[in-house]
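See below for the structure under consideration.
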Amino acid sequence: MLDYCQGLVTLDEGTSTVKLIHYTLQKYLCAHPGLFDGAHSTMAEVCLTYLKFQHVKDFLAGRSPDQRSTPFLEYSALYWGTHLKIEHSDGAKAFALELLSPSDGYIYAKSLWNLISWEFTTGRTLDPGSFSVLHCISYFGIAGVASSLMEMGKWDVNQRDSAGMTPLIWAARYGHEEVVGLLLRERHIQLDRRDTNYGRTALSWAAGNGYEAVVKLFLRRCGKGRRLVGLLFGGGYINPNNPCKFGRTPLSWAAGSGHEGIVKLLLRRGDVNPNNSDRHGQTPLLWATRNGHEGVVKLLLGRIDVNPDIPDGGYEQTPLSWAAGNGREGVVKLLLGRKGVNPDISNKSGRTPLLWAAENGYEGIVELLSERGDANPDIPDKENGQTPLSRAAQNGREGVVKLLLGRKDVNPDSSSGSGRTPLSWAAGNGHEGIVKLLLCQDDVRPDASDEEFGQNPLSFAAGNGREEVVKLLLQRGDVTPDSLSKSGRTPLSWAAEKGREGVVKLLLGQDDVDPDTPDAEFGRTPLSWAAENGHEGVVSLLLERGDVNPDSLSKSGRTPLLLAARNGHEGVVKLLLGREDVDPNSSTKYAQTSHSPQKMGMMESRNYYERDTLDISRNWAPA
């Protein structure tokens, strides 16, 4: 085969893939389709020929279990119709009709169903028997073959397959206009049947997938007069508001997918309700808004009877709220230009559109909302009591913070439900630029503690290792570097526990920081916390100080050495045993001295320590 391709095709032996030698060749071939006249027709005939081989028929009929004997089956079954639809000859069409004859047609329809039914299985086995030859041709959309099949009169045009799909639904779903037209001419066609899986009609599928020409065909069958004709002659009628099992109408599907032409067609009708909500309370406008389809939003807002403030049923968010939170600036402009839109409607958790935009850093939207005289920029949410400024500061949205601080009606020092200020959030998360902006505000308290833990911004920054923020705060004369939290812990204590070596250096450089302050809850010093967690660098810094007791006891009677040994921090143990003022045999409630060093599980020998008497039992009592 490679020889026939004259060097233009190569075989990748590693992946067993045949491919063109270069992507530019693919571009050239696509730009010159006339080089291979009849290629699709030929491919259709090749696939059909393969499907008629006896060993393939035997496999499809279940008489041959060996799938290895049919390597071309999947491609042939899936794509013979695709090739024939693109380009068909009389010979290929005749070949297809022969293949789909009543005697053999079932097994070929079954082969296609087995390949496409995965979408509808959802853990259940579906019978391929109801997927007829007409279903098969409607799936491919081959009008010439469909016409011949329907003339035979042997196929039920309303038959459902095991997924509840009729030939009309298959044709509409994939936009096969000619086949839809043929089926609509059938006198007894059932137009408003729904599939089983999604409960969607043929119109719903066509509208959601953007097939405008097909939608036009269906809408010609709508209306009171046509309904009466349909009832009289058994052909049925189409309800343009017919919802699927999720409650979504054709308009909802079209709006959510951004199909402007179809939305126009549906909105022109007097019997289409533009405010119909699905079972989650989402209107067509809300779907279009969430997905950022500005053209559709504009069309819907052009209707007087469209309510722009209907919230969804889950989060209770309005279209404006969704647009603001998802950064749909163009949609926000359209919504704010509509009379009657309330820019301050909160969702279930109390978040306003402005808060959503601020939290996610959408500066343009924050500016648009801030320019509104009726939008309050300082409304806190119900969940955490955080304002838009607080959320923006927490998430590092510096541009948004600048915008909000430029407002006179924004409190730069507002407290959240836990008592944390915007400065506290920014400091704890290391947003240096925002910390600078907030510290420039006269009414910001740089030393304010939160209500939950009693920690100030310096404490949060120290514990999280935010060195640059710690520097900024320590430069202030109104920040207490040795402040105590509710549990009596200092910023140094938090930094030591987490191993924030750079922060520890900064704090130890402050004259008014006591490096040996025990906390109120456990009676543990910064050294105790650092030793327990194996932070050698911090332990070294603390041991260099003359005012740190290396052998201090916690309330439970544990020394730094005991805590380090228990957790297997050999390096810290070495540092502590190097001190003459550390007693390795310090008696506590939880330690025993039975001269068994191996119980620590840390060293085989301790001779080089010049001390060999430390033994810490593994049998710990509760703290």
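Following the order of the structure tokens, first chain is A, next is B, and so on, with residues numbered from 1 inside each chain and ligands from 1 in the order they appear.
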**Prompt:** Which of segment 166-224 of chain A counts as helix (DSSP H, G or I) under DSSP, as a PyMOL selection string please?
**Reply:** chain A and resi 167-173+177-184+202-208+212-219+224
**Request:** Name all residues at most 12 Å from Thr201 of chain A (count only C-alpha atoms; drop same-chain ones fewer than 3 positions away) and give them as JSON, numbers by chain.
**Result:** {"A": [164, 165, 166, 167, 168, 169, 170, 171, 172, 173, 190, 191, 192, 193, 194, 195, 196, 197, 198, 204, 205, 206, 207, 208, 215, 218, 237, 238, 239, 240, 241, 242, 243, 244, 245, 248, 249, 250, 253]}
**Message:** Which residues are near Lys348 of chain A? Cut-off 6 Å, only C-alpha atoms, ignore same chain within fewer than 2 positions. Put them as a ChimeraX atom specification.
**Reply:** /A:315-316,350
**Close residues, segment 331-347 of chain A itself excluded, 6 Å, only C-alpha atoms, min 3 positions apart in chain, as number ranges by chain** = A: 294, 316-317, 323, 328, 350-352, 375
How would the residues just picked look written out with C-alpha atoms as a CSV table (one decimal), in the first residue's frame?
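Output file selection30.csv is given in full below:
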```csv
chain,number,residue,atom,x,y,z
A,294,GLU,CA,-24.1,38.1,24.1
A,316,GLU,CA,-30.6,31.5,43.6
A,317,GLN,CA,-28.4,33.6,41.4
A,323,ALA,CA,-22.4,36.9,34.3
A,328,ARG,CA,-18.9,38.0,31.0
A,350,GLY,CA,-25.7,36.4,50.3
A,351,ARG,CA,-23.2,37.2,47.5
A,352,THR,CA,-24.0,40.1,45.3
A,375,ALA,CA,-25.2,49.3,43.6
```
Can you list, as a PDB file with N, CA and C atoms, in the first residue's frame, every protein, DNA or RNA residue that comes within 12 Å of His569 of chain A when you count only C-alpha atoms, leaving out same-chain residues fewer than 5 positions away?
```pdb
ATOM      1  N   ALA A 530       9.169  24.134  67.389  1.00  0.00           N
ATOM      2  CA  ALA A 530      10.112  23.887  66.296  1.00  0.00           C
ATOM      3  C   ALA A 530      10.766  22.519  66.431  1.00  0.00           C
ATOM      4  N   ALA A 531      11.110  22.141  67.659  1.00  0.00           N
ATOM      5  CA  ALA A 531      11.765  20.851  67.895  1.00  0.00           C
ATOM      6  C   ALA A 531      10.840  19.695  67.550  1.00  0.00           C
ATOM      7  N   GLU A 532       9.600  19.798  67.972  1.00  0.00           N
ATOM      8  CA  GLU A 532       8.638  18.717  67.698  1.00  0.00           C
ATOM      9  C   GLU A 532       8.482  18.459  66.206  1.00  0.00           C
ATOM     10  N   ASN A 533       8.547  19.519  65.409  1.00  0.00           N
ATOM     11  CA  ASN A 533       8.319  19.382  63.973  1.00  0.00           C
ATOM     12  C   ASN A 533       9.597  19.254  63.151  1.00  0.00           C
ATOM     13  N   GLY A 534      10.732  19.182  63.848  1.00  0.00           N
ATOM     14  CA  GLY A 534      11.982  18.896  63.150  1.00  0.00           C
ATOM     15  C   GLY A 534      12.551  20.039  62.340  1.00  0.00           C
ATOM     16  N   HIS A 535      12.291  21.276  62.706  1.00  0.00           N
ATOM     17  CA  HIS A 535      12.788  22.432  61.959  1.00  0.00           C
ATOM     18  C   HIS A 535      14.172  22.826  62.498  1.00  0.00           C
ATOM     19  N   GLU A 536      15.198  22.208  61.958  1.00  0.00           N
ATOM     20  CA  GLU A 536      16.557  22.385  62.472  1.00  0.00           C
ATOM     21  C   GLU A 536      17.023  23.835  62.397  1.00  0.00           C
ATOM     22  N   VAL A 539      15.438  25.826  65.109  1.00  0.00           N
ATOM     23  CA  VAL A 539      16.008  25.415  66.396  1.00  0.00           C
ATOM     24  C   VAL A 539      17.380  26.057  66.593  1.00  0.00           C
ATOM     25  N   PRO A 560      11.759  20.042  74.842  1.00  0.00           N
ATOM     26  CA  PRO A 560      12.001  20.044  73.390  1.00  0.00           C
ATOM     27  C   PRO A 560      12.733  18.786  72.927  1.00  0.00           C
ATOM     28  N   LEU A 561      13.699  18.299  73.749  1.00  0.00           N
ATOM     29  CA  LEU A 561      14.445  17.098  73.385  1.00  0.00           C
ATOM     30  C   LEU A 561      13.532  15.890  73.299  1.00  0.00           C
ATOM     31  N   LEU A 562      12.682  15.748  74.287  1.00  0.00           N
ATOM     32  CA  LEU A 562      11.770  14.607  74.288  1.00  0.00           C
ATOM     33  C   LEU A 562      10.859  14.625  73.059  1.00  0.00           C
ATOM     34  N   LEU A 563      10.318  15.798  72.700  1.00  0.00           N
ATOM     35  CA  LEU A 563       9.410  15.920  71.550  1.00  0.00           C
ATOM     36  C   LEU A 563      10.130  15.606  70.242  1.00  0.00           C
ATOM     37  N   ALA A 564      11.379  16.077  70.120  1.00  0.00           N
ATOM     38  CA  ALA A 564      12.154  15.815  68.899  1.00  0.00           C
ATOM     39  C   ALA A 564      12.486  14.334  68.777  1.00  0.00           C
ATOM     40  N   LYS A 574      20.514  16.089  67.921  1.00  0.00           N
ATOM     41  CA  LYS A 574      21.948  16.385  67.960  1.00  0.00           C
ATOM     42  C   LYS A 574      22.199  17.805  68.469  1.00  0.00           C
ATOM     43  N   LEU A 575      21.391  18.760  67.897  1.00  0.00           N
ATOM     44  CA  LEU A 575      21.564  20.160  68.298  1.00  0.00           C
ATOM     45  C   LEU A 575      21.316  20.349  69.791  1.00  0.00           C
ATOM     46  N   LEU A 576      20.283  19.726  70.293  1.00  0.00           N
ATOM     47  CA  LEU A 576      19.928  19.892  71.705  1.00  0.00           C
ATOM     48  C   LEU A 576      20.918  19.187  72.625  1.00  0.00           C
ATOM     49  N   MET A 600      14.368   4.667  71.088  1.00  0.00           N
ATOM     50  CA  MET A 600      14.043   5.883  70.347  1.00  0.00           C
ATOM     51  C   MET A 600      13.904   5.594  68.865  1.00  0.00           C
ATOM     52  N   GLY A 601      14.449   4.485  68.395  1.00  0.00           N
ATOM     53  CA  GLY A 601      14.346   4.152  66.985  1.00  0.00           C
ATOM     54  C   GLY A 601      15.075   5.145  66.110  1.00  0.00           C
ATOM     55  N   MET A 602      16.147   5.762  66.605  1.00  0.00           N
ATOM     56  CA  MET A 602      16.799   6.827  65.854  1.00  0.00           C
ATOM     57  C   MET A 602      18.240   6.522  65.531  1.00  0.00           C
ATOM     58  N   MET A 603      19.004   5.903  66.467  1.00  0.00           N
ATOM     59  CA  MET A 603      20.438   5.718  66.270  1.00  0.00           C
ATOM     60  C   MET A 603      20.858   4.358  66.806  1.00  0.00           C
TER      61      MET A 603
END
```
Cut-off 8 Å: closest segment 382-481 of chain A/segment 485-503 of chain A atom pairs per residue, using only C-alpha atoms, as a tab-separated table:
```
residue	atom	partner	partner_atom	distance
A:Ser449	CA	A:Ser485	CA	8.0
A:Phe453	CA	A:Lys486	CA	5.6
A:Gly454	CA	A:Ser485	CA	4.5
A:Gln455	CA	A:Ser485	CA	4.9
A:Asn456	CA	A:Ser485	CA	7.8
A:Leu458	CA	A:Pro491	CA	6.6
A:Ser459	CA	A:Pro491	CA	4.4
A:Phe460	CA	A:Pro491	CA	7.6
A:Ala462	CA	A:Ala495	CA	5.2
A:Gly463	CA	A:Ala495	CA	4.5
A:Asn464	CA	A:Ala495	CA	7.3
A:Gly465	CA	A:Arg500	CA	5.2
A:Arg466	CA	A:Val503	CA	7.4
A:Glu467	CA	A:Val503	CA	5.5
A:Val470	CA	A:Val503	CA	7.1
A:Pro481	CA	A:Pro491	CA	7.0
```
**Message:** Report as a list in words all protein, DNA and RNA residues lying within 10 Å of Leu553 of chain A, evaluated on only C-alpha atoms, omitting residues in the same chain fewer than 4 positions from it.
**Reply:**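 My list of contacting residues is Pro518, Phe522, Gly523, Arg524, Thr525, Ser528, Asn549, Gly557, Arg558, Thr559, Pro560, Leu562, Ser586 and Thr588 of chain A.
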**Request:** Please indicate the distance in Å from atom CA of Cys47 of chain A to atom CA of Leu99 of chain A, rounded to one decimal place.
**Result:** 11.0 Å
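For the atom pair formed by atom CA of Asn273 of chain A and atom CA of Arg221 of chain A, the distance is 17.8 Å, given to one decimal.
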**Test item: residues at most 10 Å from Tyr106 of chain A, only C-alpha atoms, excluding those fewer than 2 positions along its chain, as a PyMOL selection string** = chain A and resi 60-61+99-104+108-111+128-133+136
Selection above as a file: C-alpha atoms, as a PDB file, in the first residue's frame:
```pdb
ATOM      1  CA  LEU A  60     -22.564  -9.890  12.799  1.00  0.00           C
ATOM      2  CA  ALA A  61     -25.134 -12.675  12.917  1.00  0.00           C
ATOM      3  CA  LEU A  99     -27.164  -4.321   1.672  1.00  0.00           C
ATOM      4  CA  LEU A 100     -30.212  -2.983   3.517  1.00  0.00           C
ATOM      5  CA  SER A 101     -32.658  -5.419   2.037  1.00  0.00           C
ATOM      6  CA  PRO A 102     -35.180  -6.959   4.438  1.00  0.00           C
ATOM      7  CA  SER A 103     -33.207 -10.204   4.490  1.00  0.00           C
ATOM      8  CA  ASP A 104     -29.848  -8.679   5.511  1.00  0.00           C
ATOM      9  CA  TYR A 108     -26.094  -4.147   9.393  1.00  0.00           C
ATOM     10  CA  ALA A 109     -28.354  -1.829  11.366  1.00  0.00           C
ATOM     11  CA  LYS A 110     -27.430  -3.844  14.450  1.00  0.00           C
ATOM     12  CA  SER A 111     -23.708  -3.391  13.749  1.00  0.00           C
ATOM     13  CA  PRO A 128     -30.496  -3.612  19.108  1.00  0.00           C
ATOM     14  CA  GLY A 129     -33.520  -5.233  17.507  1.00  0.00           C
ATOM     15  CA  SER A 130     -35.637  -2.073  17.498  1.00  0.00           C
ATOM     16  CA  PHE A 131     -32.973  -0.055  15.646  1.00  0.00           C
ATOM     17  CA  SER A 132     -34.342  -0.442  12.136  1.00  0.00           C
ATOM     18  CA  VAL A 133     -32.833   0.132   8.702  1.00  0.00           C
ATOM     19  CA  CYS A 136     -29.801   3.647  10.342  1.00  0.00           C
TER      20      CYS A 136
END
```
